[in-house]
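J.: This is the structure I have questions about; it appears just below.
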Number of protein chains: 2
Amino acid sequence: MPSVTRKSSSSRQARREAIVKQMLGVVEELLSEGESFTELSVERLIGSAGISRSTFYVYFEDKGTLLLALAEDVVQQLVGSAQAWWELPPTATKADVEAALRGTADVFREHAAIWSSLVDASSYDQKVRASFRAVVDNAAAGLAKHIKDGQKSGSVVAGLDPKRTAEWLTWMTERGLYQLLAEATDAETTKSVRAQADIVWNTLYAGAPSRAAAA
Amino acid sequence: MPSVTRKSSSSRQARREAIVKQMLGVVEELLSEGESFTELSVERLIGSAGISRSTFYVYFEDKGTLLLALAEDVVQQLVGSAQAWWELPPTATKADVEAALRGTADVFREHAAIWSSLVDASSYDQKVRASFRAVVDNAAAGLAKHIKDGQKSGSVVAGLDPKRTAEWLTWMTERGLYQLLAEATDAETTKSVRAQADIVWNTLYAGAPSRAAAA
DNA sequence: GGGATGCTTGGACAACATGTACGATCGGCG
DNA sequence: CGCCGATCGTACATGTTGTCCAAGCATCCC
């Protein structure tokens with residue numbers, strides 16, 4: 001009876017999405033009260049969401065699975081915003097770099113709670129850790145490519161090790177967003193992002209062949 | 001009866017140190033088997049250490065307190081090694097910077113397990129988080145001072161925001177050590193530290209007034 | 001309307017971890 | 001020998017996790 005199966009699964013799917021959406025609100029709410037994701041028990045979550053323990057475990061293997069579902073969207077947005085940086089053309093100015101980084105910072109600040117939760121849970125949940133690493137590794141790879149391409153076109157300093165430079169800068173960004181911008185005001189964000197842009201600019205672009213004259 | 005009190009407390013102190021030392025071995029041992037500090041239960045710890053549950057709680061409030069005791073030494077060493085960087089003279093070369101960073105990396109690699117545990121526990125233990133932040137903030141302050149002084153003497157690029165640039169670079173270092181060097185080989189460490197040195201060099205020193213000629 | 005199907009639910013459960021309490025025991029020291 | 005501090009085993013109250021099951025409920029089809 002395929003129709004039954006189809007219906008069932010599509011309903012499950014829809015219901016799951018609804019629950020994920022609801023849980024997103026609940027989790028962000030609870031996190032905004034100052035607790036960390038680690039400290040949130042399934043008990044509390046279902047209590048606030050108004051669903052039963054049993055139902056929770058129908059849709060999520062555990063807290064980690066829930067978090068990954070919640071984070072999907074956020075991660076997509078962050079990765080997307082990060083591309084704005086490493087897809088900058090060779091002629092980009094420092095202001096362009098800063099604007100791109102600002103974009104990522106703004107996306108991050110909107111969803112800082114969820115990202116922080118990913119970081120939290122990475123320390124004890126295998127699945128989350130793997131997923132988190134994959135995201136960052138992917139970002140680093142994108143940046144590494146940007147560096148390599150830039151070196152070819154002369155817009156990036158020669159001699160830098162693309163992969164490893166990208167790794168450091170990527171982790172700097174990850175950690176900086178988390179630690180420096182999660183609770184920053186707009187004004188503070190502006191200053192902080194400017195500093196980040198200075199680092200990136202000086203590291204990658206300032207001494208590049210195609211810019212040798214301007215200093 | 002002051003003598004009694006004195007004796008008791010000094011004995012407690014000595015015994016505590018012995019236990020801390022023993023626990024350090026146990027924790028590093030268990031962590032080297034691939035588990036995270038978060039996953040280590042007090043149960044396991046006392047089991048491997050051969051002391052009783054009761055005794056454990058005589059000396060440590062909880063797992064977090066234990067960790068802070070274990071980390072004291074490591075943190076001191078790391079902070080000390082970091083000073084080698086920001087106490088570099090204005091005439092330092094890129095090789096000097098790389099050597100200083102290498103020093104920190106080596107210290108870190110020796111005690112990666114404990115540092116990782118601090119990061120882990122920071123996500124759910126208030127005391128650990130506070131202590132951890134204090135260490136990093138302190139490091140950032142030291143680096144900020146180095147930048148400010150360097151700007152005065154002309155050995156560091158003008159126009160950088162000392163505080164915020166230091167924050168980004170400090171978190172970059174923290175996260176990079178943790179993520180890139182914790183399990184790296186010697187060869188990989190060399191390459192990675194070189195990339196880190198390039199970033200630091202280009203950011204802070206390459207375009208500095210006192211170096212304007214050399215490029 | 002009647003009945004099958006699948007989803008949600010509450011509650012019970014085993015397993016395990018935490019931090020506390022207490023009485024028994026061991027060992028050194030006067 | 002006897003005191004005293006430290007350790008120990010054990011028990012306990014509490015809280016969390018993930019599983020399981022039987023009962024209730026809504027929906028859709030016949």
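The chains in the structure tokens are called A, B, ... from first to last as shown; in each chain the residues are counted from 1, and the ligands are counted from 1 in the order shown.
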Report as a PyMOL selection string all protein, DNA and RNA residues lying within 7 Å of Ser123 (chain B), evaluated on only C-alpha atoms (C1' of nucleotides), omitting residues in the same chain fewer than 6 positions from it.

T.: (chain A and resi 36+120) or (chain B and resi 129)

J.: Excluding same-chain residues fewer than 3 positions from region 67-73 of chain A, what lies within 9 Å of it counting only C-alpha atoms (C1' of nucleotides), as a PDB file with N, CA, C and O atoms, in the first residue's frame?

T.:
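Generated file (out_29.pdb):
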ATOM      1  N   VAL A  20      10.445  21.182  14.504  1.00  0.00           N
ATOM      2  CA  VAL A  20      11.771  21.803  14.469  1.00  0.00           C
ATOM      3  C   VAL A  20      11.634  23.310  14.611  1.00  0.00           C
ATOM      4  O   VAL A  20      12.349  23.954  15.384  1.00  0.00           O
ATOM      5  N   LYS A  21      10.694  23.841  13.869  1.00  0.00           N
ATOM      6  CA  LYS A  21      10.471  25.284  13.920  1.00  0.00           C
ATOM      7  C   LYS A  21      10.102  25.735  15.324  1.00  0.00           C
ATOM      8  O   LYS A  21      10.630  26.726  15.855  1.00  0.00           O
ATOM      9  N   MET A  23      10.726  24.146  18.121  1.00  0.00           N
ATOM     10  CA  MET A  23      11.856  23.943  19.021  1.00  0.00           C
ATOM     11  C   MET A  23      12.885  25.054  18.857  1.00  0.00           C
ATOM     12  O   MET A  23      13.520  25.464  19.826  1.00  0.00           O
ATOM     13  N   LEU A  24      13.049  25.512  17.647  1.00  0.00           N
ATOM     14  CA  LEU A  24      13.994  26.600  17.413  1.00  0.00           C
ATOM     15  C   LEU A  24      13.635  27.792  18.294  1.00  0.00           C
ATOM     16  O   LEU A  24      14.495  28.369  18.962  1.00  0.00           O
ATOM     17  N   PHE A  60      13.644  13.050  17.155  1.00  0.00           N
ATOM     18  CA  PHE A  60      15.078  13.276  17.311  1.00  0.00           C
ATOM     19  C   PHE A  60      15.723  12.161  18.103  1.00  0.00           C
ATOM     20  O   PHE A  60      15.189  11.747  19.132  1.00  0.00           O
ATOM     21  N   ASP A  62      18.397  12.364  19.777  1.00  0.00           N
ATOM     22  CA  ASP A  62      18.847  12.933  21.044  1.00  0.00           C
ATOM     23  C   ASP A  62      18.996  14.442  20.875  1.00  0.00           C
ATOM     24  O   ASP A  62      18.667  14.994  19.836  1.00  0.00           O
ATOM     25  N   LYS A  63      19.538  15.074  21.880  1.00  0.00           N
ATOM     26  CA  LYS A  63      19.671  16.527  21.850  1.00  0.00           C
ATOM     27  C   LYS A  63      20.565  16.983  20.702  1.00  0.00           C
ATOM     28  O   LYS A  63      20.325  18.025  20.081  1.00  0.00           O
ATOM     29  N   GLY A  64      21.569  16.186  20.412  1.00  0.00           N
ATOM     30  CA  GLY A  64      22.494  16.548  19.340  1.00  0.00           C
ATOM     31  C   GLY A  64      21.805  16.592  17.982  1.00  0.00           C
ATOM     32  O   GLY A  64      22.008  17.517  17.189  1.00  0.00           O
ATOM     33  N   GLN A  76      23.710  27.333   6.721  1.00  0.00           N
ATOM     34  CA  GLN A  76      23.592  27.707   5.315  1.00  0.00           C
ATOM     35  C   GLN A  76      23.817  29.208   5.136  1.00  0.00           C
ATOM     36  O   GLN A  76      24.557  29.649   4.250  1.00  0.00           O
ATOM     37  N   GLN A  77      23.174  29.972   5.962  1.00  0.00           N
ATOM     38  CA  GLN A  77      23.291  31.425   5.847  1.00  0.00           C
ATOM     39  C   GLN A  77      24.711  31.901   6.082  1.00  0.00           C
ATOM     40  O   GLN A  77      25.229  32.766   5.368  1.00  0.00           O
ATOM     41  N   LEU A  78      25.357  31.305   7.074  1.00  0.00           N
ATOM     42  CA  LEU A  78      26.719  31.720   7.387  1.00  0.00           C
ATOM     43  C   LEU A  78      27.667  31.364   6.256  1.00  0.00           C
ATOM     44  O   LEU A  78      28.494  32.186   5.834  1.00  0.00           O
ATOM     45  N   ILE A 114      22.411  29.889  18.430  1.00  0.00           N
ATOM     46  CA  ILE A 114      22.498  28.555  17.826  1.00  0.00           C
ATOM     47  C   ILE A 114      23.949  28.174  17.539  1.00  0.00           C
ATOM     48  O   ILE A 114      24.379  27.048  17.800  1.00  0.00           O
ATOM     49  N   TRP A 115      24.701  29.121  17.021  1.00  0.00           N
ATOM     50  CA  TRP A 115      26.106  28.826  16.732  1.00  0.00           C
ATOM     51  C   TRP A 115      26.844  28.473  18.023  1.00  0.00           C
ATOM     52  O   TRP A 115      27.619  27.504  18.074  1.00  0.00           O
ATOM     53  N   SER A 117      25.653  27.157  20.551  1.00  0.00           N
ATOM     54  CA  SER A 117      25.229  25.816  20.944  1.00  0.00           C
ATOM     55  C   SER A 117      26.009  24.752  20.178  1.00  0.00           C
ATOM     56  O   SER A 117      26.381  23.719  20.737  1.00  0.00           O
ATOM     57  N   LEU A 118      26.246  25.017  18.920  1.00  0.00           N
ATOM     58  CA  LEU A 118      27.032  24.071  18.128  1.00  0.00           C
ATOM     59  C   LEU A 118      28.420  23.915  18.729  1.00  0.00           C
ATOM     60  O   LEU A 118      28.944  22.804  18.860  1.00  0.00           O
ATOM     61  N   ALA A 121      28.105  21.954  22.071  1.00  0.00           N
ATOM     62  CA  ALA A 121      27.816  20.527  21.926  1.00  0.00           C
ATOM     63  C   ALA A 121      28.959  19.789  21.229  1.00  0.00           C
ATOM     64  O   ALA A 121      29.114  18.583  21.393  1.00  0.00           O
ATOM     65  N   LYS A 127      28.426  13.515  16.720  1.00  0.00           N
ATOM     66  CA  LYS A 127      27.753  13.935  15.491  1.00  0.00           C
ATOM     67  C   LYS A 127      27.881  15.434  15.281  1.00  0.00           C
ATOM     68  O   LYS A 127      28.161  15.905  14.184  1.00  0.00           O
ATOM     69  N   VAL A 128      27.660  16.171  16.357  1.00  0.00           N
ATOM     70  CA  VAL A 128      27.749  17.619  16.249  1.00  0.00           C
ATOM     71  C   VAL A 128      29.174  18.038  15.920  1.00  0.00           C
ATOM     72  O   VAL A 128      29.408  18.874  15.048  1.00  0.00           O
ATOM     73  N   SER A 131      29.918  17.403  12.281  1.00  0.00           N
ATOM     74  CA  SER A 131      29.219  18.343  11.424  1.00  0.00           C
ATOM     75  C   SER A 131      29.858  19.730  11.495  1.00  0.00           C
ATOM     76  O   SER A 131      30.058  20.409  10.474  1.00  0.00           O
TER      77      SER A 131
END

J.: Neighbours of DC21 (chain D) within 10 Å (only C-alpha atoms (C1' of nucleotides); same-chain residues fewer than 2 positions away dropped), as a list in words?

T.: DG11 and DA12 of chain C; DT19 and DA23 of chain D

J.: Would you mind exporting the chosen residues as a PDB file, in the first residue's frame, restricted to N, CA and C atoms (P, O5', C5', C4', C3', O3' and C1' of nucleotides)?

T.:
ATOM      1  P    DG C  11       0.804  10.950  33.933  1.00  0.00           P
ATOM      2  O5'  DG C  11       1.255   9.454  34.229  1.00  0.00           O
ATOM      3  C5'  DG C  11       0.615   8.361  33.562  1.00  0.00           C
ATOM      4  C4'  DG C  11       1.525   7.166  33.607  1.00  0.00           C
ATOM      5  C3'  DG C  11       2.550   7.210  34.751  1.00  0.00           C
ATOM      6  O3'  DG C  11       2.548   5.974  35.431  1.00  0.00           O
ATOM      7  C1'  DG C  11       3.639   6.828  32.704  1.00  0.00           C
ATOM      8  P    DA C  12       3.356   5.812  36.774  1.00  0.00           P
ATOM      9  O5'  DA C  12       3.988   4.366  36.586  1.00  0.00           O
ATOM     10  C5'  DA C  12       3.518   3.500  35.553  1.00  0.00           C
ATOM     11  C4'  DA C  12       4.675   2.681  35.038  1.00  0.00           C
ATOM     12  C3'  DA C  12       5.780   2.456  36.080  1.00  0.00           C
ATOM     13  O3'  DA C  12       6.111   1.088  36.115  1.00  0.00           O
ATOM     14  C1'  DA C  12       6.707   3.335  34.081  1.00  0.00           C
TER      15       DA C  12
ATOM     16  P    DT D  19      16.788   5.183  22.628  1.00  0.00           P
ATOM     17  O5'  DT D  19      15.819   4.171  23.397  1.00  0.00           O
ATOM     18  C5'  DT D  19      16.393   3.235  24.300  1.00  0.00           C
ATOM     19  C4'  DT D  19      15.294   2.384  24.921  1.00  0.00           C
ATOM     20  C3'  DT D  19      14.224   1.917  23.925  1.00  0.00           C
ATOM     21  O3'  DT D  19      14.068   0.514  24.077  1.00  0.00           O
ATOM     22  C1'  DT D  19      13.214   2.954  25.813  1.00  0.00           C
ATOM     23  P    DA D  23      -4.584  -0.862  27.327  1.00  0.00           P
ATOM     24  O5'  DA D  23      -5.049   0.655  27.219  1.00  0.00           O
ATOM     25  C5'  DA D  23      -4.667   1.581  28.247  1.00  0.00           C
ATOM     26  C4'  DA D  23      -4.941   2.988  27.749  1.00  0.00           C
ATOM     27  C3'  DA D  23      -6.268   3.120  27.003  1.00  0.00           C
ATOM     28  O3'  DA D  23      -6.960   4.264  27.476  1.00  0.00           O
ATOM     29  C1'  DA D  23      -4.481   3.937  25.674  1.00  0.00           C
TER      30       DA D  23
END

J.: Using only C-alpha atoms (C1' of nucleotides), find each residue in chain A having at least one atom no more than 10 Å away from chain D; report its shortest atom-to-atom pair and that distance in Å (one decimal), rows by chain then rising number, as a tab-separated table.

T.:
residue	atom	partner	partner_atom	distance
A:Ser41	CA	D:DT16	C1'	7.5
A:Val42	CA	D:DT16	C1'	8.5
A:Glu43	CA	D:DT16	C1'	8.2
A:Arg53	CA	D:DG18	C1'	9.8
A:Ser54	CA	D:DT19	C1'	9.2
A:Tyr57	CA	D:DG18	C1'	8.1
A:Glu61	CA	D:DG18	C1'	9.0
A:Asp62	CA	D:DG18	C1'	8.4

J.: May I have the residues from that selection written out with N, CA and C atoms, as a PDB file, in the first residue's frame?

T.:
ATOM      1  N   SER A  41      18.186  20.525  29.613  1.00  0.00           N
ATOM      2  CA  SER A  41      17.840  19.103  29.578  1.00  0.00           C
ATOM      3  C   SER A  41      16.658  18.897  28.636  1.00  0.00           C
ATOM      4  N   VAL A  42      16.568  17.706  28.126  1.00  0.00           N
ATOM      5  CA  VAL A  42      15.443  17.358  27.268  1.00  0.00           C
ATOM      6  C   VAL A  42      14.142  17.655  28.011  1.00  0.00           C
ATOM      7  N   GLU A  43      14.183  17.362  29.269  1.00  0.00           N
ATOM      8  CA  GLU A  43      13.072  17.667  30.160  1.00  0.00           C
ATOM      9  C   GLU A  43      12.576  19.103  29.972  1.00  0.00           C
ATOM     10  N   ARG A  53       7.750  13.724  26.129  1.00  0.00           N
ATOM     11  CA  ARG A  53       9.037  13.066  26.020  1.00  0.00           C
ATOM     12  C   ARG A  53       9.051  12.057  24.853  1.00  0.00           C
ATOM     13  N   SER A  54       8.012  11.262  24.804  1.00  0.00           N
ATOM     14  CA  SER A  54       7.935  10.229  23.765  1.00  0.00           C
ATOM     15  C   SER A  54       7.994  10.849  22.376  1.00  0.00           C
ATOM     16  N   TYR A  57      11.389  11.960  21.209  1.00  0.00           N
ATOM     17  CA  TYR A  57      12.289  10.901  20.759  1.00  0.00           C
ATOM     18  C   TYR A  57      11.811  10.219  19.479  1.00  0.00           C
ATOM     19  N   GLU A  61      16.833  11.715  17.604  1.00  0.00           N
ATOM     20  CA  GLU A  61      17.568  10.672  18.326  1.00  0.00           C
ATOM     21  C   GLU A  61      17.937  11.153  19.728  1.00  0.00           C
ATOM     22  N   ASP A  62      18.397  12.364  19.777  1.00  0.00           N
ATOM     23  CA  ASP A  62      18.847  12.933  21.044  1.00  0.00           C
ATOM     24  C   ASP A  62      18.996  14.442  20.875  1.00  0.00           C
TER      25      ASP A  62
END

J.: Show me which bits of chain C are within 9 Å of chain B, counting only C-alpha atoms (C1' of nucleotides), as an MDAnalysis selection string.

T.: chainID C and resid 17:19

J.: Include N, CA and C atoms (P, O5', C5', C4', C3', O3' and C1' of nucleotides) and write out the residues we just selected as a PDB file, in the first residue's frame.

T.:
ATOM      1  P    DA C  17      27.898   6.427  34.774  1.00  0.00           P
ATOM      2  O5'  DA C  17      27.748   7.882  35.386  1.00  0.00           O
ATOM      3  C5'  DA C  17      27.224   8.924  34.593  1.00  0.00           C
ATOM      4  C4'  DA C  17      26.877  10.088  35.480  1.00  0.00           C
ATOM      5  C3'  DA C  17      27.886  10.342  36.599  1.00  0.00           C
ATOM      6  O3'  DA C  17      28.420  11.649  36.462  1.00  0.00           O
ATOM      7  C1'  DA C  17      25.664  10.247  37.464  1.00  0.00           C
ATOM      8  P    DT C  18      29.445  12.195  37.526  1.00  0.00           P
ATOM      9  O5'  DT C  18      28.569  13.094  38.488  1.00  0.00           O
ATOM     10  C5'  DT C  18      27.593  13.989  37.976  1.00  0.00           C
ATOM     11  C4'  DT C  18      26.861  14.610  39.139  1.00  0.00           C
ATOM     12  C3'  DT C  18      27.778  15.035  40.275  1.00  0.00           C
ATOM     13  O3'  DT C  18      27.550  16.405  40.570  1.00  0.00           O
ATOM     14  C1'  DT C  18      26.005  13.676  41.084  1.00  0.00           C
ATOM     15  P    DG C  19      28.715  17.295  41.174  1.00  0.00           P
ATOM     16  O5'  DG C  19      28.328  17.302  42.722  1.00  0.00           O
ATOM     17  C5'  DG C  19      27.073  17.853  43.068  1.00  0.00           C
ATOM     18  C4'  DG C  19      26.677  17.398  44.446  1.00  0.00           C
ATOM     19  C3'  DG C  19      27.743  17.575  45.532  1.00  0.00           C
ATOM     20  O3'  DG C  19      27.132  18.246  46.615  1.00  0.00           O
ATOM     21  C1'  DG C  19      26.844  15.407  45.615  1.00  0.00           C
TER      22       DG C  19
END

J.: Select residues of chain A: the criterion is any atom within 7 Å of an atom of chain B, counting only C-alpha atoms; output as a list in words.

T.: Ser36, Thr38, Glu39, Asp120, Ser123, Tyr124, Leu160, Asp161, Arg164, Thr165, Trp168, Trp171, Met172, Arg175, Gly176, Ser192, Ala195, Gln196, Ile199, Asn202 and Thr203 of chain A

J.: Rank nothing, just name the residue among A:Gln22, A:Ala112, A:Ser32, A:Ala84 nearest to Ala99 (chain A), using only C-alpha atoms.

T.: A:Ala84

J.: Report, in Å with one decimal, the straight-line distance from CA of Gly47 (chain B) to C1' of DA21 (chain C).

T.: 20.9 Å

J.: Please report, as a ChimeraX atom specification, each residue of region 13-198 of chain B to which DSSP assigns alpha helix (DSSP H) when run on this structure's backbone.

T.: /B:13-32,42-49,53-59,63-86,94-110,112-122,126-153,162-176,186-198
